[in-house]
>>> print(open('target.pdb').read())   # PDB, C-alpha atoms
ATOM      1  CA  MET A   1     -95.465 -47.786  80.676  1.00  0.00           C
ATOM      2  CA  GLY A   2     -95.651 -49.574  77.323  1.00  0.00           C
ATOM      3  CA  ASP A   3     -97.607 -48.474  74.264  1.00  0.00           C
ATOM      4  CA  ASP A   4    -100.839 -47.871  76.191  1.00  0.00           C
ATOM      5  CA  GLY A   5     -99.175 -45.625  78.752  1.00  0.00           C
ATOM      6  CA  ALA A   6     -97.462 -43.598  76.027  1.00  0.00           C
ATOM      7  CA  GLU A   7    -100.775 -43.167  74.214  1.00  0.00           C
ATOM      8  CA  SER A   8    -102.461 -41.961  77.417  1.00  0.00           C
ATOM      9  CA  LEU A   9     -99.604 -39.578  78.131  1.00  0.00           C
ATOM     10  CA  ALA A  10     -99.660 -38.245  74.570  1.00  0.00           C
ATOM     11  CA  GLY A  11    -103.289 -37.218  75.035  1.00  0.00           C
ATOM     12  CA  SER A  12    -102.614 -35.416  78.299  1.00  0.00           C
ATOM     13  CA  ASP A  13    -102.615 -31.629  78.561  1.00  0.00           C
ATOM     14  CA  ILE A  14     -99.837 -31.821  81.162  1.00  0.00           C
ATOM     15  CA  LEU A  15     -97.345 -32.208  78.298  1.00  0.00           C
ATOM     16  CA  ARG A  16     -98.102 -28.711  77.012  1.00  0.00           C
ATOM     17  CA  SER A  17     -96.075 -27.127  79.820  1.00  0.00           C
ATOM     18  CA  LEU A  18     -93.022 -29.382  79.456  1.00  0.00           C
ATOM     19  CA  THR A  19     -89.787 -28.525  77.698  1.00  0.00           C
ATOM     20  CA  LYS A  20     -88.107 -31.828  78.625  1.00  0.00           C
ATOM     21  CA  LEU A  21     -89.618 -35.315  78.556  1.00  0.00           C
ATOM     22  CA  ASP A  22     -87.620 -38.338  79.729  1.00  0.00           C
ATOM     23  CA  LEU A  23     -89.320 -41.664  79.023  1.00  0.00           C
ATOM     24  CA  GLN A  24     -86.229 -43.856  78.807  1.00  0.00           C
ATOM     25  CA  GLN A  25     -86.612 -47.565  79.577  1.00  0.00           C
ATOM     26  CA  ASN A  26     -90.402 -47.511  79.452  1.00  0.00           C
ATOM     27  CA  LYS A  27     -90.823 -49.953  76.543  1.00  0.00           C
ATOM     28  CA  ILE A  28     -93.173 -47.649  74.675  1.00  0.00           C
ATOM     29  CA  GLY A  29     -92.507 -49.417  71.373  1.00  0.00           C
ATOM     30  CA  PRO A  30     -93.324 -48.184  67.879  1.00  0.00           C
ATOM     31  CA  GLU A  31     -96.993 -47.521  68.681  1.00  0.00           C
ATOM     32  CA  GLY A  32     -96.092 -45.425  71.712  1.00  0.00           C
ATOM     33  CA  ALA A  33     -93.612 -43.426  69.612  1.00  0.00           C
ATOM     34  CA  ARG A  34     -96.310 -42.893  66.973  1.00  0.00           C
ATOM     35  CA  ALA A  35     -98.742 -41.665  69.639  1.00  0.00           C
ATOM     36  CA  LEU A  36     -96.177 -39.204  70.989  1.00  0.00           C
ATOM     37  CA  ALA A  37     -95.342 -38.019  67.476  1.00  0.00           C
ATOM     38  CA  ARG A  38     -99.050 -37.253  66.848  1.00  0.00           C
ATOM     39  CA  SER A  39     -99.407 -35.256  70.079  1.00  0.00           C
ATOM     40  CA  GLU A  40     -99.797 -31.512  69.561  1.00  0.00           C
ATOM     41  CA  ALA A  41     -98.969 -31.123  73.254  1.00  0.00           C
ATOM     42  CA  LEU A  42     -95.276 -31.663  72.456  1.00  0.00           C
ATOM     43  CA  CYS A  43     -94.915 -28.459  70.439  1.00  0.00           C
ATOM     44  CA  SER A  44     -92.807 -26.719  73.111  1.00  0.00           C
ATOM     45  CA  LEU A  45     -90.591 -29.722  73.825  1.00  0.00           C
ATOM     46  CA  ALA A  46     -86.828 -29.066  73.592  1.00  0.00           C
ATOM     47  CA  VAL A  47     -85.496 -32.395  74.938  1.00  0.00           C
ATOM     48  CA  LEU A  48     -86.946 -35.852  74.322  1.00  0.00           C
ATOM     49  CA  ASN A  49     -85.308 -38.958  75.782  1.00  0.00           C
ATOM     50  CA  LEU A  50     -86.661 -42.270  74.506  1.00  0.00           C
ATOM     51  CA  ALA A  51     -83.518 -44.328  75.154  1.00  0.00           C
ATOM     52  CA  ASP A  52     -84.051 -48.077  75.399  1.00  0.00           C
ATOM     53  CA  ASP A  53     -87.752 -47.916  74.516  1.00  0.00           C
ATOM     54  CA  ARG A  54     -87.885 -50.414  71.638  1.00  0.00           C
ATOM     55  CA  ILE A  55     -89.313 -47.930  69.123  1.00  0.00           C
ATOM     56  CA  GLY A  56     -87.536 -49.497  66.120  1.00  0.00           C
ATOM     57  CA  ALA A  57     -87.447 -47.980  62.646  1.00  0.00           C
ATOM     58  CA  PRO A  58     -91.239 -47.334  62.570  1.00  0.00           C
ATOM     59  CA  GLY A  59     -91.008 -45.251  65.743  1.00  0.00           C
ATOM     60  CA  ALA A  60     -88.025 -43.298  64.409  1.00  0.00           C
ATOM     61  CA  GLN A  61     -89.942 -42.662  61.180  1.00  0.00           C
ATOM     62  CA  ALA A  62     -92.947 -41.361  63.134  1.00  0.00           C
ATOM     63  CA  LEU A  63     -90.762 -38.972  65.119  1.00  0.00           C
ATOM     64  CA  ALA A  64     -88.979 -37.798  61.970  1.00  0.00           C
ATOM     65  CA  ASP A  65     -92.331 -37.047  60.309  1.00  0.00           C
ATOM     66  CA  SER A  66     -93.920 -35.313  63.296  1.00  0.00           C
ATOM     67  CA  PRO A  67     -94.866 -31.668  62.726  1.00  0.00           C
ATOM     68  CA  HIS A  68     -95.102 -31.271  66.507  1.00  0.00           C
ATOM     69  CA  LEU A  69     -91.379 -31.668  67.257  1.00  0.00           C
ATOM     70  CA  ARG A  70     -90.132 -28.596  65.414  1.00  0.00           C
ATOM     71  CA  SER A  71     -88.677 -27.026  68.591  1.00  0.00           C
ATOM     72  CA  LEU A  72     -86.791 -30.182  69.595  1.00  0.00           C
ATOM     73  CA  ALA A  73     -83.080 -29.523  70.242  1.00  0.00           C
ATOM     74  CA  VAL A  74     -82.039 -32.865  71.791  1.00  0.00           C
ATOM     75  CA  LEU A  75     -83.288 -36.315  70.819  1.00  0.00           C
ATOM     76  CA  ASP A  76     -81.954 -39.411  72.577  1.00  0.00           C
ATOM     77  CA  LEU A  77     -82.845 -42.663  70.847  1.00  0.00           C
ATOM     78  CA  THR A  78     -79.996 -44.724  72.286  1.00  0.00           C
ATOM     79  CA  SER A  79     -80.577 -48.478  72.152  1.00  0.00           C
ATOM     80  CA  ASN A  80     -83.799 -48.604  70.129  1.00  0.00           C
ATOM     81  CA  VAL A  81     -82.764 -50.834  67.215  1.00  0.00           C
ATOM     82  CA  ILE A  82     -83.768 -48.258  64.608  1.00  0.00           C
ATOM     83  CA  GLY A  83     -81.240 -49.595  62.085  1.00  0.00           C
ATOM     84  CA  ASP A  84     -80.392 -47.997  58.770  1.00  0.00           C
ATOM     85  CA  ASP A  85     -84.049 -47.302  57.928  1.00  0.00           C
ATOM     86  CA  GLY A  86     -84.584 -45.300  61.113  1.00  0.00           C
ATOM     87  CA  ALA A  87     -81.316 -43.411  60.622  1.00  0.00           C
ATOM     88  CA  ARG A  88     -82.346 -42.522  57.059  1.00  0.00           C
ATOM     89  CA  ALA A  89     -85.729 -41.244  58.242  1.00  0.00           C
ATOM     90  CA  LEU A  90     -84.126 -39.018  60.862  1.00  0.00           C
ATOM     91  CA  ALA A  91     -81.386 -37.781  58.512  1.00  0.00           C
ATOM     92  CA  HIS A  92     -83.893 -36.529  55.974  1.00  0.00           C
ATOM     93  CA  SER A  93     -86.522 -35.213  58.387  1.00  0.00           C
ATOM     94  CA  GLN A  94     -88.149 -31.949  57.406  1.00  0.00           C
ATOM     95  CA  SER A  95     -89.525 -31.485  60.934  1.00  0.00           C
ATOM     96  CA  LEU A  96     -86.388 -31.800  63.072  1.00  0.00           C
ATOM     97  CA  ARG A  97     -84.730 -28.592  61.834  1.00  0.00           C
ATOM     98  CA  SER A  98     -83.963 -27.377  65.391  1.00  0.00           C
ATOM     99  CA  LEU A  99     -82.162 -30.571  66.359  1.00  0.00           C
ATOM    100  CA  ALA A 100     -78.663 -29.905  67.716  1.00  0.00           C
ATOM    101  CA  GLU A 101     -77.930 -33.205  69.472  1.00  0.00           C
ATOM    102  CA  LEU A 102     -78.857 -36.685  68.283  1.00  0.00           C
ATOM    103  CA  TYR A 103     -77.974 -39.771  70.315  1.00  0.00           C
ATOM    104  CA  LEU A 104     -78.108 -42.983  68.288  1.00  0.00           C
ATOM    105  CA  ALA A 105     -75.677 -45.264  70.115  1.00  0.00           C
ATOM    106  CA  GLN A 106     -76.367 -49.007  70.011  1.00  0.00           C
ATOM    107  CA  ASN A 107     -79.009 -48.985  67.274  1.00  0.00           C
ATOM    108  CA  GLU A 108     -77.702 -51.483  64.709  1.00  0.00           C
ATOM    109  CA  ILE A 109     -76.915 -48.635  62.303  1.00  0.00           C
ATOM    110  CA  GLY A 110     -74.468 -49.694  59.589  1.00  0.00           C
ATOM    111  CA  ASP A 111     -72.692 -47.985  56.731  1.00  0.00           C
ATOM    112  CA  ASP A 112     -75.921 -47.156  54.856  1.00  0.00           C
ATOM    113  CA  GLY A 113     -77.370 -45.378  57.895  1.00  0.00           C
ATOM    114  CA  ALA A 114     -74.093 -43.559  58.527  1.00  0.00           C
ATOM    115  CA  ARG A 115     -73.989 -42.383  54.904  1.00  0.00           C
ATOM    116  CA  ALA A 116     -77.583 -41.159  55.170  1.00  0.00           C
ATOM    117  CA  LEU A 117     -76.736 -39.193  58.313  1.00  0.00           C
ATOM    118  CA  ALA A 118     -73.647 -37.777  56.585  1.00  0.00           C
ATOM    119  CA  GLN A 119     -75.772 -36.622  53.641  1.00  0.00           C
ATOM    120  CA  GLY A 120     -78.661 -35.426  55.801  1.00  0.00           C
ATOM    121  CA  THR A 121     -79.606 -31.847  56.454  1.00  0.00           C
ATOM    122  CA  LEU A 122     -79.962 -31.831  60.235  1.00  0.00           C
ATOM    123  CA  PRO A 123     -78.135 -28.874  61.859  1.00  0.00           C
ATOM    124  CA  LEU A 124     -76.350 -31.103  64.379  1.00  0.00           C
ATOM    125  CA  ARG A 125     -73.616 -30.055  66.785  1.00  0.00           C
ATOM    126  CA  ARG A 126     -73.346 -33.528  68.360  1.00  0.00           C
ATOM    127  CA  LEU A 127     -74.038 -36.942  66.838  1.00  0.00           C
ATOM    128  CA  ILE A 128     -73.406 -40.044  68.933  1.00  0.00           C
ATOM    129  CA  LEU A 129     -73.141 -43.301  66.983  1.00  0.00           C
ATOM    130  CA  SER A 130     -71.050 -45.464  69.315  1.00  0.00           C
ATOM    131  CA  ARG A 131     -71.662 -49.223  69.518  1.00  0.00           C
ATOM    132  CA  ASN A 132     -73.077 -49.456  65.983  1.00  0.00           C
ATOM    133  CA  PRO A 133     -71.632 -51.740  63.276  1.00  0.00           C
ATOM    134  CA  ILE A 134     -70.280 -48.867  61.170  1.00  0.00           C
ATOM    135  CA  ASP A 135     -67.209 -49.819  59.130  1.00  0.00           C
ATOM    136  CA  ASP A 136     -64.702 -47.771  57.130  1.00  0.00           C
ATOM    137  CA  PRO A 137     -67.112 -46.644  54.357  1.00  0.00           C
ATOM    138  CA  GLY A 138     -69.577 -45.239  56.899  1.00  0.00           C
ATOM    139  CA  VAL A 139     -66.875 -43.602  59.002  1.00  0.00           C
ATOM    140  CA  ARG A 140     -65.338 -42.077  55.872  1.00  0.00           C
ATOM    141  CA  ALA A 141     -68.716 -40.655  54.809  1.00  0.00           C
ATOM    142  CA  LEU A 142     -69.201 -39.097  58.239  1.00  0.00           C
ATOM    143  CA  ALA A 143     -65.673 -37.652  58.264  1.00  0.00           C
ATOM    144  CA  GLU A 144     -66.052 -36.139  54.789  1.00  0.00           C
ATOM    145  CA  SER A 145     -69.544 -34.749  55.342  1.00  0.00           C
ATOM    146  CA  ALA A 146     -69.857 -31.030  54.714  1.00  0.00           C
ATOM    147  CA  SER A 147     -73.078 -30.859  56.722  1.00  0.00           C
ATOM    148  CA  LEU A 148     -71.329 -32.380  59.770  1.00  0.00           C
ATOM    149  CA  ARG A 149     -68.185 -30.241  59.517  1.00  0.00           C
ATOM    150  CA  ASP A 150     -68.944 -28.332  62.738  1.00  0.00           C
ATOM    151  CA  CYS A 151     -70.451 -31.343  64.473  1.00  0.00           C
ATOM    152  CA  GLN A 152     -68.880 -33.521  67.167  1.00  0.00           C
ATOM    153  CA  VAL A 153     -69.364 -37.055  65.824  1.00  0.00           C
ATOM    154  CA  MET A 154     -68.612 -40.016  68.072  1.00  0.00           C
ATOM    155  CA  THR A 155     -68.493 -43.494  66.555  1.00  0.00           C
TER     156      THR A 155
END
>>> encode(input="target.pdb", output="structure tokens")
Amino acid sequence: MGDDGAESLAGSDILRSLTKLDLQQNKIGPEGARALARSEALCSLAVLNLADDRIGAPGAQALADSPHLRSLAVLDLTSNVIGDDGARALAHSQSLRSLAELYLAQNEIGDDGARALAQGTLPLRRLILSRNPIDDPGVRALAESASLRDCQVMT
């Protein structure tokens, strides 16, 4: 699909009727993620899967800033190399207040990203961080987080 396909899809009215969108392994990249984030057609979306799409930190930032993803309950960004910057953007998102599940496995998130997620305000019930280079300081921050007290965290 790539960036161009994601941009075409983002402009399509067919998205307005969807509650789940699975675009994993389509190589949409940061520009494709930005196009999706700008799409008003995603306002009713509850589940968005962009696993292994190469969105990077800029794509994660665009999703975190999107006013059109307020009903999103599940976001899968597994294997997108968002790093600490992308994790920070998601952790402090004002738009993703409905998010219950966040999948961030294999994203090169380290201790700084883990601390940001621990201090974030997302109402998560499940946070998947496996296969990231998170060491003791990051794990400790996650374990001691008051905002993640009722959340299943997997590192």
>>> closest_residue(input="target.pdb", among="A:Leu48, A:Asn107, A:Ser145, A:Asp76", to="Leu18 in chain A", atoms="only C-alpha atoms")
A:Leu48
>>> resolve_selection(input="target.pdb", expression="the PyMOL selection byres ((chain A and resi 57) around 8)", output="PyMOL selection string")
chain A and resi 30+55-56+58-61+81-83+85-87
>>> atom_distance(input="target.pdb", atom1="CA of Gln24 in chain A", atom2="CA of Asp52 in chain A")
5.8 Å
>>> residues_around(input="target.pdb", residues="range 131-144 of chain A", least_positions_apart="6", cutoff="8 Å", atoms="only C-alpha atoms", output="list in words")
Ala105, Gln106, Asn107, Glu108, Ile109, Gly110, Asp111, Asp112, Gly113, Ala114, Arg115, Leu117, Ala118, Val153 and Thr155 of chain A
>>> closest_residue(input="target.pdb", among="A:Glu40, A:Asp84, A:Asp3, A:Asp150", to="Lys27 in chain A", atoms="only C-alpha atoms")
A:Asp3
>>> atom_distance(input="target.pdb", atom1="CA of Leu122 in chain A", atom2="CA of Arg38 in chain A")
20.9 Å
>>> closest_residue(input="target.pdb", among="A:Ala91, A:Leu50, A:Leu124, A:Ala33", to="Ser66 in chain A", atoms="only C-alpha atoms")
A:Ala33
>>> atom_distance(input="target.pdb", atom1="CA of Lys20 in chain A", atom2="CA of Leu45 in chain A")
5.8 Å
>>> residues_around(input="target.pdb", residues="Ala100 in chain A", least_positions_apart="3", cutoff="10 Å", atoms="all atoms listed in the file", output="list in words")
Leu72, Ala73, Val74, Leu75, Leu96, Arg97, Leu122, Pro123, Leu124, Arg125, Arg126, Leu127 and Cys151 of chain A
>>> resolve_selection(input="target.pdb", expression="the PyMOL selection byres ((chain A and resi 10-15) around 12)", output="CSV table (one decimal) with C-alpha atoms, in the frame of the given file")
chain,number,residue,atom,x,y,z
A,3,ASP,CA,-97.6,-48.5,74.3
A,4,ASP,CA,-100.8,-47.9,76.2
A,5,GLY,CA,-99.2,-45.6,78.8
A,6,ALA,CA,-97.5,-43.6,76.0
A,7,GLU,CA,-100.8,-43.2,74.2
A,8,SER,CA,-102.5,-42.0,77.4
A,9,LEU,CA,-99.6,-39.6,78.1
A,16,ARG,CA,-98.1,-28.7,77.0
A,17,SER,CA,-96.1,-27.1,79.8
A,18,LEU,CA,-93.0,-29.4,79.5
A,19,THR,CA,-89.8,-28.5,77.7
A,20,LYS,CA,-88.1,-31.8,78.6
A,21,LEU,CA,-89.6,-35.3,78.6
A,22,ASP,CA,-87.6,-38.3,79.7
A,23,LEU,CA,-89.3,-41.7,79.0
A,28,ILE,CA,-93.2,-47.6,74.7
A,31,GLU,CA,-97.0,-47.5,68.7
A,32,GLY,CA,-96.1,-45.4,71.7
A,33,ALA,CA,-93.6,-43.4,69.6
A,34,ARG,CA,-96.3,-42.9,67.0
A,35,ALA,CA,-98.7,-41.7,69.6
A,36,LEU,CA,-96.2,-39.2,71.0
A,37,ALA,CA,-95.3,-38.0,67.5
A,38,ARG,CA,-99.0,-37.3,66.8
A,39,SER,CA,-99.4,-35.3,70.1
A,40,GLU,CA,-99.8,-31.5,69.6
A,41,ALA,CA,-99.0,-31.1,73.3
A,42,LEU,CA,-95.3,-31.7,72.5
A,43,CYS,CA,-94.9,-28.5,70.4
A,44,SER,CA,-92.8,-26.7,73.1
A,45,LEU,CA,-90.6,-29.7,73.8
A,46,ALA,CA,-86.8,-29.1,73.6
A,48,LEU,CA,-86.9,-35.9,74.3
A,68,HIS,CA,-95.1,-31.3,66.5
>>> axis_aligned_box(input="target.pdb", around="range 85-97 of chain A", padding_each_side="6 Å", output="AutoDock Vina command-line options")
--center_x -85.4 --center_y -37.9 --center_z 59.5 --size_x 20.2 --size_y 30.7 --size_z 19.1
>>> decode(input="target.pdb", residues="range 34-151 of chain A", atoms="C-alpha atoms", output="short mmCIF file (atom, residue, chain, number, x, y, z; two decimals), in the first residue's frame")
data_model
loop_
_atom_site.label_atom_id
_atom_site.label_comp_id
_atom_site.auth_asym_id
_atom_site.auth_seq_id
_atom_site.Cartn_x
_atom_site.Cartn_y
_atom_site.Cartn_z
CA ARG A 34 -0.08 11.44 9.03
CA ALA A 35 -2.71 11.09 6.29
CA LEU A 36 -4.73 8.66 8.40
CA ALA A 37 -4.42 10.91 11.45
CA ARG A 38 -5.86 13.84 9.44
CA SER A 39 -8.84 11.81 8.20
CA GLU A 40 -12.16 12.82 9.74
CA ALA A 41 -13.53 9.52 8.44
CA LEU A 42 -11.83 7.70 11.33
CA CYS A 43 -13.96 9.32 14.03
CA SER A 44 -15.89 6.10 14.78
CA LEU A 45 -12.84 3.84 14.75
CA ALA A 46 -12.38 1.67 17.86
CA VAL A 47 -9.47 -0.54 16.71
CA LEU A 48 -6.50 0.53 14.59
CA ASN A 49 -3.75 -1.94 13.68
CA LEU A 50 -0.67 -0.42 12.06
CA ALA A 51 1.79 -3.13 13.12
CA ASP A 52 4.97 -3.35 11.06
CA ASP A 53 4.16 -0.28 8.95
CA ARG A 54 7.35 1.75 9.43
CA ILE A 55 5.57 4.82 10.82
CA GLY A 56 8.45 5.81 13.13
CA ALA A 57 8.26 8.54 15.75
CA PRO A 58 6.72 11.10 13.32
CA GLY A 59 3.84 8.74 12.58
CA ALA A 60 3.28 8.03 16.28
CA GLN A 61 3.29 11.78 16.95
CA ALA A 62 0.68 12.35 14.23
CA LEU A 63 -1.59 9.67 15.68
CA ALA A 64 -1.14 11.03 19.20
CA ASP A 65 -2.13 14.52 18.01
CA SER A 66 -5.11 13.44 15.92
CA PRO A 67 -8.47 14.84 17.04
CA HIS A 68 -10.15 12.15 14.93
CA LEU A 69 -9.08 9.15 17.04
CA ARG A 70 -10.93 10.05 20.23
CA SER A 71 -13.04 6.86 20.15
CA LEU A 72 -10.03 4.57 19.66
CA ALA A 73 -9.88 1.76 22.25
CA VAL A 74 -7.10 -0.41 20.77
CA LEU A 75 -3.97 0.80 18.99
CA ASP A 76 -1.41 -1.70 17.70
CA LEU A 77 1.89 -0.13 16.69
CA THR A 78 4.01 -3.25 17.10
CA SER A 79 7.31 -3.15 15.21
CA ASN A 80 7.27 0.45 13.96
CA VAL A 81 10.53 1.78 15.42
CA ILE A 82 8.81 4.66 17.20
CA GLY A 83 11.51 4.83 19.89
CA ASP A 84 11.39 6.96 23.00
CA ASP A 85 10.10 10.01 21.11
CA GLY A 86 7.08 8.13 19.77
CA ALA A 87 6.37 6.59 23.18
CA ARG A 88 6.49 10.05 24.79
CA ALA A 89 4.07 11.45 22.21
CA LEU A 90 1.59 8.64 22.82
CA ALA A 91 1.96 8.79 26.62
CA HIS A 92 1.02 12.45 26.73
CA SER A 93 -1.65 12.43 24.03
CA GLN A 94 -4.70 14.54 24.74
CA SER A 95 -6.66 12.79 21.97
CA LEU A 96 -6.28 9.12 22.92
CA ARG A 97 -8.35 9.31 26.12
CA SER A 98 -10.44 6.23 25.19
CA LEU A 99 -7.40 4.02 24.64
CA ALA A 100 -7.56 0.81 26.69
CA GLU A 101 -4.96 -1.32 24.88
CA LEU A 102 -1.65 -0.16 23.45
CA TYR A 103 0.70 -2.57 21.69
CA LEU A 104 4.25 -1.26 21.40
CA ALA A 105 6.34 -4.43 21.21
CA GLN A 106 9.59 -4.27 19.23
CA ASN A 107 9.80 -0.49 18.86
CA GLU A 108 13.26 0.37 20.20
CA ILE A 109 11.68 1.98 23.28
CA GLY A 110 14.18 2.37 26.12
CA ASP A 111 14.04 3.57 29.70
CA ASP A 112 13.08 7.15 28.75
CA GLY A 113 10.08 5.94 26.74
CA ALA A 114 9.07 3.53 29.50
CA ARG A 115 9.24 6.33 32.08
CA ALA A 116 7.11 8.56 29.84
CA LEU A 117 4.50 5.82 29.51
CA ALA A 118 4.59 5.29 33.28
CA GLN A 119 3.98 9.00 33.86
CA GLY A 120 1.43 9.33 31.06
CA THR A 121 -2.28 9.79 31.48
CA LEU A 122 -3.65 7.15 29.13
CA PRO A 123 -6.40 5.03 30.75
CA LEU A 124 -4.76 1.75 29.73
CA ARG A 125 -5.81 -1.74 30.79
CA ARG A 126 -3.12 -3.45 28.68
CA LEU A 127 0.31 -2.18 27.63
CA ILE A 128 2.58 -4.48 25.65
CA LEU A 129 6.26 -3.49 25.59
CA SER A 130 7.98 -6.81 24.91
CA ARG A 131 11.16 -6.94 22.81
CA ASN A 132 12.19 -3.37 23.67
CA PRO A 133 15.53 -2.46 25.28
CA ILE A 134 13.98 -1.44 28.61
CA ASP A 135 16.32 -1.96 31.57
CA ASP A 136 15.77 -1.85 35.33
CA PRO A 137 15.06 1.92 35.60
CA GLY A 138 12.30 1.71 32.98
CA VAL A 139 10.81 -1.47 34.43
CA ARG A 140 10.87 0.07 37.91
CA ALA A 141 9.06 3.19 36.65
CA LEU A 142 6.38 1.05 35.03
CA ALA A 143 5.97 -1.10 38.15
CA GLU A 144 5.66 1.94 40.44
CA SER A 145 3.32 3.89 38.18
CA ALA A 146 0.07 4.93 39.83
CA SER A 147 -1.58 5.49 36.45
CA LEU A 148 -0.77 1.90 35.39
CA ARG A 149 -1.82 0.28 38.68
CA ASP A 150 -4.82 -1.49 37.12
CA CYS A 151 -3.05 -2.14 33.83
#
